[in-house]
Every structure is written in structure tokens, then in C-alpha cells.
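Colleague: My structure is in data-v2.txt, and what it holds is compact mmCIF, C-alpha atoms:
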```txt
# COMPACT_ATOMS: atom_id res chain seq x y z
CA MET A 1 27.09 -66.36 -112.35
CA LYS A 2 29.75 -65.84 -115.01
CA HIS A 3 32.98 -64.21 -113.83
CA PRO A 4 34.35 -61.19 -115.70
CA PHE A 5 36.41 -62.41 -118.67
CA GLU A 6 39.47 -60.61 -117.30
CA GLN A 7 39.72 -63.38 -114.73
CA ALA A 8 40.12 -66.00 -117.47
CA VAL A 9 42.93 -63.97 -119.04
CA THR A 10 44.68 -63.51 -115.70
CA GLU A 11 44.41 -67.16 -114.72
CA HIS A 12 45.11 -68.85 -118.04
CA GLY A 13 46.83 -66.27 -120.28
CA ALA A 14 50.39 -67.38 -119.50
CA VAL A 15 49.65 -71.08 -119.92
CA VAL A 16 47.80 -70.56 -123.20
CA LEU A 17 50.78 -68.57 -124.52
CA ARG A 18 53.09 -71.49 -123.72
CA VAL A 19 50.67 -73.92 -125.32
CA CYS A 20 50.68 -71.78 -128.47
CA ARG A 21 54.49 -71.74 -128.45
CA ALA A 22 54.63 -75.51 -128.08
CA VAL A 23 52.16 -76.08 -130.91
CA LEU A 24 53.26 -73.37 -133.36
CA GLY A 25 56.64 -72.12 -132.23
CA PRO A 26 57.30 -68.71 -130.64
CA ALA A 27 57.04 -66.77 -133.92
CA GLU A 28 53.37 -67.62 -134.49
CA ALA A 29 52.40 -67.94 -130.82
CA ASP A 30 51.48 -64.31 -130.18
CA ASP A 31 49.01 -64.18 -133.06
CA ALA A 32 47.44 -67.48 -132.06
CA TRP A 33 47.10 -66.21 -128.48
CA SER A 34 45.37 -63.04 -129.68
CA GLU A 35 42.96 -64.92 -131.94
CA THR A 36 42.23 -67.41 -129.17
CA PHE A 37 41.35 -64.83 -126.54
CA LEU A 38 39.38 -62.66 -128.95
CA SER A 39 37.24 -65.68 -129.93
CA ALA A 40 36.94 -66.72 -126.31
CA LEU A 41 35.81 -63.23 -125.31
CA ARG A 42 33.05 -63.28 -127.93
CA ALA A 43 31.81 -66.69 -126.81
CA TRP A 44 32.32 -66.14 -123.08
CA PRO A 45 28.69 -65.37 -122.16
CA ASP A 46 27.55 -68.67 -123.73
CA LEU A 47 30.06 -70.86 -121.91
CA PRO A 48 28.31 -72.92 -119.19
CA ASP A 49 29.20 -71.69 -115.69
CA ASP A 50 30.64 -75.04 -114.64
CA ALA A 51 32.80 -75.50 -117.76
CA ASN A 52 36.54 -76.20 -117.46
CA VAL A 53 37.78 -72.82 -118.65
CA ARG A 54 41.33 -73.94 -119.35
CA ALA A 55 40.26 -76.94 -121.43
CA TRP A 56 37.87 -74.69 -123.34
CA LEU A 57 40.61 -72.11 -124.04
CA VAL A 58 43.05 -74.82 -125.14
CA THR A 59 40.41 -76.23 -127.49
CA ILE A 60 40.00 -72.81 -129.09
CA ALA A 61 43.78 -72.38 -129.26
CA HIS A 62 44.02 -75.78 -130.98
CA ARG A 63 41.54 -74.70 -133.68
CA LYS A 64 43.37 -71.39 -134.14
CA ALA A 65 46.68 -73.22 -134.43
CA VAL A 66 45.24 -75.50 -137.11
CA ASP A 67 44.00 -72.36 -138.91
CA VAL A 68 47.43 -70.74 -138.71
CA VAL A 69 49.14 -73.88 -140.03
CA ARG A 70 46.61 -74.23 -142.88
CA ALA A 71 46.96 -70.55 -143.79
CA GLY A 72 50.73 -71.01 -143.90
CA ALA A 73 50.28 -74.13 -146.00
CA ARG A 74 48.05 -72.28 -148.49
CA HIS A 75 50.87 -69.90 -149.24
CA ALA A 76 53.27 -72.77 -149.74
CA VAL A 77 52.67 -76.18 -151.29
CA PRO A 78 49.08 -77.37 -150.77
CA VAL A 79 48.88 -80.36 -148.46
CA ALA A 80 45.97 -82.60 -147.63
CA GLU A 81 46.84 -82.94 -143.96
CA VAL A 82 48.06 -80.63 -141.27
CA PRO A 83 51.83 -80.59 -141.78
CA GLU A 84 53.90 -82.83 -139.56
CA ALA A 85 55.41 -79.96 -137.63
CA ALA A 86 55.00 -76.24 -137.65
CA ALA A 87 58.74 -76.05 -137.92
CA PRO A 88 60.32 -72.77 -136.95
CA ARG A 89 61.17 -70.66 -139.97
CA ALA A 90 64.81 -69.83 -140.37
CA ASP A 91 64.17 -66.10 -140.48
CA GLU A 92 62.09 -66.03 -137.32
CA PRO A 93 63.40 -65.01 -133.93
CA GLU A 94 63.38 -68.47 -132.40
CA GLU A 95 66.38 -67.51 -130.36
CA SER A 96 64.85 -64.28 -129.16
CA LEU A 97 63.31 -66.29 -126.34
CA PRO A 98 65.80 -67.44 -123.73
CA ASP A 99 64.37 -70.96 -124.03
CA GLY A 100 64.27 -70.90 -127.84
CA GLU A 101 66.13 -74.19 -128.05
CA LEU A 102 63.43 -75.90 -126.04
CA TRP A 103 60.73 -74.69 -128.43
CA GLY A 104 62.89 -75.74 -131.34
CA ALA A 105 63.06 -79.26 -129.92
CA VAL A 106 59.30 -79.28 -129.34
CA ALA A 107 58.69 -78.07 -132.90
CA ALA A 108 60.73 -81.00 -134.20
CA LEU A 109 58.40 -83.54 -132.54
CA PRO A 110 55.92 -85.42 -134.73
CA GLU A 111 52.57 -83.61 -134.81
CA LYS A 112 50.60 -85.89 -132.51
CA GLN A 113 53.36 -86.03 -129.91
CA ARG A 114 53.78 -82.29 -130.03
CA LEU A 115 50.06 -81.66 -129.49
CA CYS A 116 49.78 -84.21 -126.68
CA VAL A 117 52.84 -82.79 -124.92
CA ALA A 118 51.41 -79.28 -125.30
CA TYR A 119 47.94 -80.10 -124.02
CA HIS A 120 48.92 -82.55 -121.28
CA HIS A 121 52.26 -81.32 -119.99
CA VAL A 122 52.08 -77.62 -120.78
CA ALA A 123 48.35 -77.03 -120.30
CA GLY A 124 47.95 -79.66 -117.61
CA LEU A 125 44.86 -81.28 -119.13
CA PRO A 126 44.11 -84.93 -118.32
CA HIS A 127 44.65 -87.44 -121.16
CA PRO A 128 40.93 -88.00 -121.90
CA GLU A 129 40.53 -84.24 -122.37
CA VAL A 130 43.60 -84.19 -124.64
CA ALA A 131 42.15 -87.09 -126.66
CA ARG A 132 38.89 -85.19 -127.09
CA ILE A 133 40.84 -82.28 -128.63
CA VAL A 134 43.32 -84.15 -130.84
CA GLY A 135 41.16 -87.21 -131.63
CA GLY A 136 41.89 -90.86 -130.85
CA THR A 137 41.72 -92.65 -127.52
CA PRO A 138 42.93 -91.41 -124.13
CA ALA A 139 45.44 -94.29 -124.12
CA ALA A 140 46.85 -93.12 -127.44
CA ALA A 141 47.07 -89.55 -126.13
CA ARG A 142 48.89 -90.77 -123.05
CA ARG A 143 51.34 -92.76 -125.18
CA ALA A 144 51.96 -89.86 -127.54
CA ALA A 145 52.66 -87.51 -124.63
CA ALA A 146 55.06 -90.00 -123.06
CA ASP A 147 56.81 -90.66 -126.38
CA GLY A 148 57.10 -86.92 -126.95
CA ILE A 149 58.71 -86.33 -123.57
CA ALA A 150 61.08 -89.26 -124.09
CA ARG A 151 62.09 -87.81 -127.42
CA LEU A 152 62.60 -84.35 -125.91
CA ARG A 153 64.88 -85.86 -123.28
CA SER A 154 67.07 -87.31 -125.98
CA THR A 155 66.94 -84.38 -128.41
CA TYR A 156 66.92 -81.44 -126.09
CA ALA A 157 68.13 -82.13 -122.57
CA PRO A 158 71.59 -83.49 -123.43
CA HIS A 159 72.39 -80.42 -125.48
CA GLY A 160 70.39 -78.00 -123.36
CA ARG A 161 72.00 -74.92 -121.98
CA VAL A 162 70.41 -75.52 -118.63
CA SER A 163 72.56 -77.79 -116.56
CA THR A 164 70.59 -80.48 -114.83
CA HIS A 165 72.88 -80.79 -111.85
CA VAL A 166 74.85 -78.06 -110.25
CA MET B 1 67.12 -84.70 -113.32
CA SER B 2 64.93 -86.88 -115.50
CA ASP B 3 61.87 -84.60 -115.71
CA ASN B 4 63.87 -81.63 -116.91
CA PRO B 5 61.98 -81.04 -120.20
CA ILE B 6 58.64 -81.19 -118.40
CA GLN B 7 59.79 -78.65 -115.86
CA LEU B 8 61.05 -76.34 -118.57
CA LEU B 9 57.80 -76.65 -120.49
CA THR B 10 55.77 -75.48 -117.51
CA THR B 11 58.07 -72.71 -116.28
CA SER B 12 57.42 -69.25 -117.61
CA SER B 13 60.18 -67.62 -119.62
CA PRO B 14 61.79 -64.33 -118.63
CA GLY B 15 59.98 -61.55 -120.44
CA ASP B 16 56.65 -63.38 -120.51
CA ASP B 17 55.00 -60.84 -118.23
CA GLU B 18 55.84 -57.96 -120.58
CA ARG B 19 54.74 -60.00 -123.58
CA LEU B 20 51.45 -60.90 -121.95
CA ALA B 21 50.90 -57.28 -120.93
CA SER B 22 51.28 -56.16 -124.53
CA LEU B 23 49.11 -59.01 -125.84
CA HIS B 24 46.49 -58.03 -123.26
CA ALA B 25 46.59 -54.39 -124.37
CA THR B 26 46.11 -55.43 -128.00
CA LEU B 27 43.22 -57.68 -126.99
CA VAL B 28 41.42 -54.81 -125.23
CA GLU B 29 41.99 -52.56 -128.22
CA ARG B 30 40.69 -55.10 -130.75
CA ALA B 31 37.75 -56.06 -128.56
CA SER B 32 36.62 -52.46 -128.08
CA GLY B 33 37.11 -51.86 -131.80
CA GLU B 34 34.71 -54.62 -132.77
CA SER B 35 32.44 -53.84 -129.77
CA SER B 36 32.58 -57.30 -128.27
CA LEU B 37 33.38 -55.77 -124.90
CA ASP B 38 30.56 -55.25 -122.38
CA ALA B 39 32.74 -53.11 -120.15
CA SER B 40 36.33 -52.18 -119.40
CA TYR B 41 37.77 -50.99 -116.13
CA ARG B 42 40.80 -49.64 -114.40
CA VAL B 43 41.75 -48.75 -110.85
CA VAL B 44 43.13 -45.30 -110.06
CA ASP B 45 44.63 -43.96 -106.86
CA SER B 46 42.94 -41.02 -105.19
CA PRO B 47 43.00 -39.16 -101.88
CA VAL B 48 39.96 -41.23 -100.88
CA GLY B 49 41.67 -44.52 -101.70
CA PRO B 50 41.82 -46.65 -104.85
CA LEU B 51 38.81 -46.12 -107.10
CA LEU B 52 37.50 -48.68 -109.55
CA LEU B 53 36.30 -47.01 -112.77
CA ALA B 54 34.24 -48.99 -115.27
CA ALA B 55 32.76 -47.95 -118.60
CA THR B 56 30.54 -49.43 -121.28
CA ALA B 57 30.53 -48.23 -124.89
CA LYS B 58 27.91 -45.69 -123.78
CA GLY B 59 29.87 -44.13 -120.96
CA VAL B 60 31.07 -44.45 -117.40
CA VAL B 61 28.85 -47.00 -115.71
CA ARG B 62 30.46 -47.48 -112.29
CA VAL B 63 32.78 -45.80 -109.84
CA ALA B 64 33.51 -47.82 -106.71
CA PHE B 65 35.38 -47.24 -103.47
CA GLU B 66 37.68 -49.90 -102.11
CA VAL B 67 35.31 -50.54 -99.17
CA GLU B 68 32.73 -51.71 -101.71
CA ASP B 69 35.16 -54.57 -102.61
CA HIS B 70 36.31 -54.13 -106.21
CA ASP B 71 36.16 -57.86 -106.98
CA ARG B 72 32.57 -58.04 -105.86
CA VAL B 73 31.71 -54.91 -107.80
CA LEU B 74 33.17 -56.47 -110.98
CA GLU B 75 31.27 -59.70 -110.41
CA SER B 76 28.00 -57.86 -110.05
CA LEU B 77 28.84 -55.68 -113.05
CA GLY B 78 29.26 -58.93 -114.98
CA ALA B 79 25.77 -59.94 -113.95
CA SER B 80 24.22 -56.58 -114.85
CA VAL B 81 26.00 -55.31 -117.98
CA GLY B 82 27.58 -58.57 -119.20
CA SER B 83 30.65 -60.63 -118.35
CA ARG B 84 32.77 -59.67 -121.36
CA ILE B 85 34.83 -57.37 -119.17
CA LEU B 86 38.52 -56.54 -119.53
CA ARG B 87 40.91 -54.33 -117.60
CA GLY B 88 42.62 -51.47 -119.38
CA GLY B 89 41.99 -49.66 -122.63
CA THR B 90 41.59 -45.96 -123.23
CA ARG B 91 37.89 -45.54 -122.47
CA LEU B 92 38.55 -44.36 -118.93
CA ASP B 93 41.50 -42.08 -119.59
CA ALA B 94 39.32 -38.97 -119.72
CA LEU B 95 37.62 -39.72 -116.42
CA ALA B 96 40.96 -40.52 -114.76
CA ARG B 97 42.26 -37.11 -115.88
CA GLU B 98 39.11 -35.33 -114.71
CA LEU B 99 39.32 -37.03 -111.32
CA ASP B 100 42.94 -35.90 -110.95
CA ASP B 101 41.85 -32.35 -111.70
CA TYR B 102 38.88 -32.64 -109.34
CA PHE B 103 41.05 -33.81 -106.44
CA ALA B 104 43.52 -31.02 -107.20
CA GLY B 105 40.66 -28.51 -106.90
CA ARG B 106 40.97 -27.52 -110.56
CA ARG B 107 37.72 -29.08 -111.76
CA HIS B 108 34.20 -28.56 -110.39
CA ALA B 109 32.12 -30.73 -112.73
CA PHE B 110 32.62 -33.84 -114.84
CA ASP B 111 32.22 -33.80 -118.62
CA VAL B 112 32.47 -37.51 -119.40
CA SER B 113 29.41 -39.29 -120.78
CA LEU B 114 27.62 -41.47 -118.26
CA ASP B 115 25.79 -44.77 -118.59
CA LEU B 116 23.12 -44.69 -115.88
CA ARG B 117 21.68 -48.13 -116.65
CA LEU B 118 22.42 -49.39 -113.13
CA ALA B 119 19.87 -46.98 -111.62
CA ARG B 120 16.12 -47.12 -112.24
CA GLY B 121 12.90 -45.38 -111.33
CA PHE B 122 12.96 -42.98 -108.41
CA ARG B 123 16.63 -43.67 -107.75
CA LEU B 124 17.46 -42.52 -111.25
CA THR B 125 15.35 -39.38 -110.74
CA VAL B 126 17.31 -38.66 -107.56
CA LEU B 127 20.68 -39.18 -109.31
CA ARG B 128 19.69 -36.79 -112.08
CA HIS B 129 18.88 -34.15 -109.49
CA LEU B 130 22.13 -34.72 -107.57
CA SER B 131 24.13 -33.61 -110.58
CA GLU B 132 22.42 -30.23 -110.27
CA ILE B 133 23.65 -29.57 -106.72
CA PRO B 134 26.43 -27.04 -107.26
CA TYR B 135 30.03 -27.81 -106.36
CA GLY B 136 30.82 -26.75 -102.81
CA SER B 137 27.23 -26.66 -101.58
CA THR B 138 25.02 -29.27 -99.92
CA GLU B 139 21.35 -30.20 -99.74
CA SER B 140 19.47 -32.17 -97.12
CA TYR B 141 17.89 -35.54 -97.86
CA GLY B 142 14.51 -33.79 -97.45
CA GLU B 143 15.39 -31.09 -99.96
CA VAL B 144 16.50 -33.69 -102.47
CA ALA B 145 13.20 -35.54 -101.93
CA VAL B 146 11.26 -32.35 -102.68
CA ALA B 147 13.39 -31.59 -105.73
CA SER B 148 12.87 -35.14 -106.98
CA GLY B 149 9.09 -34.74 -106.83
CA SER B 150 8.39 -36.96 -103.80
CA PRO B 151 8.67 -34.80 -100.65
CA ARG B 152 7.90 -37.72 -98.35
CA ALA B 153 10.45 -40.10 -99.87
CA VAL B 154 13.29 -38.97 -97.64
CA ARG B 155 14.40 -42.52 -96.84
CA ALA B 156 14.25 -43.47 -100.51
CA VAL B 157 16.61 -40.57 -101.22
CA GLY B 158 18.95 -42.08 -98.62
CA SER B 159 18.92 -45.43 -100.35
CA ALA B 160 19.33 -43.81 -103.79
CA CYS B 161 22.51 -42.19 -102.45
CA ALA B 162 23.66 -45.41 -100.79
CA THR B 163 23.33 -47.30 -104.07
CA ASN B 164 24.67 -44.55 -106.34
CA PRO B 165 26.65 -46.44 -109.02
CA LEU B 166 28.68 -43.32 -109.81
CA PRO B 167 29.80 -41.72 -106.53
CA ILE B 168 31.95 -38.56 -106.75
CA VAL B 169 30.94 -38.10 -110.42
CA VAL B 170 27.28 -37.98 -109.41
CA PRO B 171 27.80 -36.04 -106.19
CA CYS B 172 25.77 -37.89 -103.55
CA HIS B 173 28.37 -36.67 -101.04
CA ARG B 174 26.66 -33.27 -101.27
CA VAL B 175 23.58 -34.66 -99.53
CA VAL B 176 23.66 -34.28 -95.73
CA ARG B 177 21.17 -34.33 -92.85
CA SER B 178 19.01 -31.28 -92.24
CA ASP B 179 20.75 -30.75 -88.87
CA GLY B 180 24.05 -30.40 -90.74
CA SER B 181 25.45 -33.79 -89.71
CA LEU B 182 26.91 -35.94 -92.46
CA GLY B 183 24.39 -38.77 -92.70
CA GLY B 184 25.79 -41.84 -94.45
CA TYR B 185 28.14 -42.50 -97.36
CA LEU B 186 28.80 -45.59 -99.43
CA GLY B 187 32.52 -44.81 -99.44
CA GLY B 188 32.64 -44.37 -95.66
CA LEU B 189 32.17 -41.13 -93.71
CA PRO B 190 35.87 -40.11 -93.78
CA ALA B 191 35.68 -40.08 -97.58
CA LYS B 192 32.52 -37.95 -97.52
CA GLU B 193 34.15 -35.53 -95.09
CA ARG B 194 37.23 -35.33 -97.26
CA LEU B 195 35.23 -34.58 -100.45
CA LEU B 196 33.17 -31.88 -98.72
CA ALA B 197 36.31 -30.31 -97.24
CA LEU B 198 37.99 -30.35 -100.64
CA GLU B 199 35.03 -28.54 -102.21
CA ARG B 200 34.82 -26.01 -99.37
CA ALA B 201 38.50 -25.18 -99.70
CA ALA B 202 38.56 -24.72 -103.46
```
Show me, as C-alpha cells, the structure contained in the file I just sent.
Modeller:
Amino acid sequence: MKHPFEQAVTEHGAVVLRVCRAVLGPAEADDAWSETFLSALRAWPDLPDDANVRAWLVTIAHRKAVDVVRAGARHAVPVAEVPEAAAPRADEPEESLPDGELWGAVAALPEKQRLCVAYHHVAGLPHPEVARIVGGTPAAARRAAADGIARLRSTYAPHGRVSTHV
Amino acid sequence: MSDNPIQLLTTSSPGDDERLASLHATLVERASGESSLDASYRVVDSPVGPLLLAATAKGVVRVAFEVEDHDRVLESLGASVGSRILRGGTRLDALARELDDYFAGRRHAFDVSLDLRLARGFRLTVLRHLSEIPYGSTESYGEVAVASGSPRAVRAVGSACATNPLPIVVPCHRVVRSDGSLGGYLGGLPAKERLLALERAA
């Protein structure tokens, strides 16, 4: 029997919001979250009862994020591929979030690394699941996630406001 | 600490709860607007304990006491009206107000539209009659059976009351035994007593 959709929002809403921030940056994250959950609500009755709800939501969020990036690209210079990074726009309230610097560092990652970090480390999906969403092999997804984290350690942590040792 | 970025990525930011609450509210609003919502619900406090209120686009479909187990009620609502169910929204504001007035003794009947799809056949006939029992008065199970066209179906009247999807709003608490004792109540006998006392006093 299918649970009420509210349960999916309660259990996964916060994680999906962080995934959207990691993929798109905080400025676009709220819209992507809304589009994701509205789509998910419509499709909810057709989802198999034993499906991995979080992986399903992240897959929808991924498609919405690609849509958002493409829509942004249409207004700017047309590009054949999804842009390298949905870089934070200068006029957007990146710093309105207390951890804005973190999201800035994530936004600066190469696309594949950013997506693999978002879906593996933020969403907690296993590498094969991540590979299914972003394409490529599980090994490549694992490598991209590891490279992304290594890069974050060098770009973000040393300059981070959060002290690592007290 | 070497895993610092990973920890930060998975820790929620201050203010996330408020942000999610407002995103949730917008979701309910948009979903009801495009009618992709099977039902919405909210829980209100009352003198007979927290009440779960649920509504479809057609009207109020369920009122449930805490003893019925709100989680279970929502699960079974998902099976009967559909699982596209969200908490919140404005659909139940009118009923919440009317319940406040009812418990304050200011209101004797409910004006909200009802969705009676959870009741069928004889049970539905019984529920329709219950709404005609005036505020402050009672009928016996036997009298309700007669009024519902099946004088011998006294036990069936009892089970219609016990499975009333809309207690309080459809006043099954006004049905008592012919000897004046309370009989049963899906919200528990103290709740039934309380509702009858409230209506006597007003």
C-alpha cells in the first residue's frame, strides 16, 4: 500500500533541498525543490511500492536541475551541453545562507564532480545509483565523487569559516 | 578533521526548517490549484483531544479521534481516496473554525460541504439520518433503525455509528441505548459523554 505523499516530503524534503543547492546553488534551489515535489506528487500513485523513494526524488530533481540550467542557458548564449557549473550569479543572495561559502565552493566544481558529490555525499545514494542518474560507470561516479571532495577540501576547508579544531 | 566538507554537506543549515515550511506551504497551494491532490489534512486541538481533519476537493472526508491512530487513518485514507495527500492548505480552515465555535457552544450545526464517499449502502443511509437528529437531543439505536427504513437492523446502526468517517460533524454521538445508557463510541465513551454534556449545557 502506498504511503501518503506527505511522508515522502517529511522524510526527504530537507535532503532534496540540499541536493538542489549543491547542484544549482542556493538561489535556484527553492524553485527546483518546488518543481521536483510537484512532479513527484503527480507521479506518486504510479511509483512501485518497493521503489527507493529518495533515489526516485533525486532523479526527478536531477532532471529539473538540467531544465533550470537549460532555461538559464536559453536566455544567455546558446550552448550544446549543460554548462560546466551552474555558477552562482553575482546578484544572488549566496551569502544569505550561513554556509554560502560552502555552496560557492561546490558550485565551482566541474559538473560531473558536483553532481556525484551531490547525489552520493549529500543524498547518500550508492555509486551505482549515482551512475544511473548521471551516466557512465559506477567506478567513474565513485572517482568523480572522491575527486570532488578532494577538491572541496583544498578550495573550501582551508578558507572556511568553520574551524576544524577547537 | 579530514571529512569536514562531507560533514558540512550533510548537516542542515540554520533556517532550513522555516524555508522548508514555506516551500511545503507553496507546494500544497500549487497542488490544490492544479487538483493533483487527493486529500489534505490538518490536526486541530479540541476538548476531546487532537482531531485529524481531512478533505478532498469535494469536501470534508474524514474526522478522526486520536484513539483511532491518526497515522493509520491517513494510511487507510491513502488506500481509499488516493495517496496524493499533503498536510496543510486552506481547505480545512472553515471546519476548524466551525469546530471551535461548536466546542464553545456557539454553533449547533456544521455548514461545510461533506464528501461521504467512505460510507456506502445502509451505513450511508444511517449517516444521512444522523444529521437530522437535532442538537442537544438523542435517539436510540432502534429509533435510528426505524428512521433509516430497516427497523430490525439495530446492530447495523451500531456498526454504522462505529465506522462513521465524520464523527462530531455527523453526530453519531447523539445515538444512545434505549435504556438511556451511552452505548459505544468510536472516540471513546468519555468523548461521547463530553459531547452530550456540551450540547445539554448550551
Colleague: Show me which bits of chain B are within 8 Å of chain A, counting only C-alpha atoms, as a PyMOL selection string.
Modeller: chain B and resi 1-2+4-6+8-10+12-14+16+20+23+26-27+30-31+36-37+74-75+78-79+82-87
Colleague: Please measure the separation of atom CA of Pro50 of chain B and atom CA of Thr163 of chain B, giving the value in Å to one decimal.
Modeller: 18.5 Å
Colleague: Set up a box along x, y and z of the file covering all listed atoms of segment 60-68 of chain A, add 6 Å on every one of the six sides, and write the centre and edge lengths in Å to one decimal, as JSON.
Modeller:
```
{"center_x": 43.7, "center_y": -73.3, "center_z": -134.0, "size_x": 19.4, "size_y": 17.0, "size_z": 21.8}
```
Colleague: Using all atoms listed in the file, determine which residues lie at most 10 Å from Pro134 of chain B, disregarding the query and same-chain residues fewer than 4 positions distant; provide the list as a list in words.
Modeller: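 These residues fall inside the cut-off: His108, Ala109, Leu130, Thr138, Glu139, Pro171 and Arg174 of chain B.
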Colleague: Name the closest residue to Thr155 of chain A among the candidates A:Ala55, A:His127, A:His62, A:Ala108; distances are taken between atoms, counting all atoms listed in the file.
Modeller: A:Ala108
Colleague: So that I can see what lies close to segment 145-150 of chain B, please list as a list of chain:residue names the residues with an atom at most 9 Å from it, counting only C-alpha atoms and leaving out residues fewer than 5 positions away in the same chain.
Modeller: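 Returned residues: B:Phe122, B:Thr125, B:Val126, B:Arg128, B:His129, B:Ser140, B:Arg155, B:Ala156, B:Val157.
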Colleague: For Val60 of chain B, please output as a list in words all residues within 8 Å (counting only C-alpha atoms; exclusion window: fewer than 2 positions along the same chain).
Modeller: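 Listing them by chain and then by number gives Leu53, Ala54, Ala55, Thr56, Lys58, Arg62, Val63, Leu92, Val112, Ser113, Leu114 and Asp115 of chain B.
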Colleague: If you keep C-alpha atoms, can you produce a file of those selected residues as a compact mmCIF listing (two decimals), in the coordinates of the input?
Modeller:
```
# COMPACT_ATOMS: atom_id res chain seq x y z
CA LEU B 53 36.30 -47.01 -112.77
CA ALA B 54 34.24 -48.99 -115.27
CA ALA B 55 32.76 -47.95 -118.60
CA THR B 56 30.54 -49.43 -121.28
CA LYS B 58 27.91 -45.69 -123.78
CA ARG B 62 30.46 -47.48 -112.29
CA VAL B 63 32.78 -45.80 -109.84
CA LEU B 92 38.55 -44.36 -118.93
CA VAL B 112 32.47 -37.51 -119.40
CA SER B 113 29.41 -39.29 -120.78
CA LEU B 114 27.62 -41.47 -118.26
CA ASP B 115 25.79 -44.77 -118.59
```
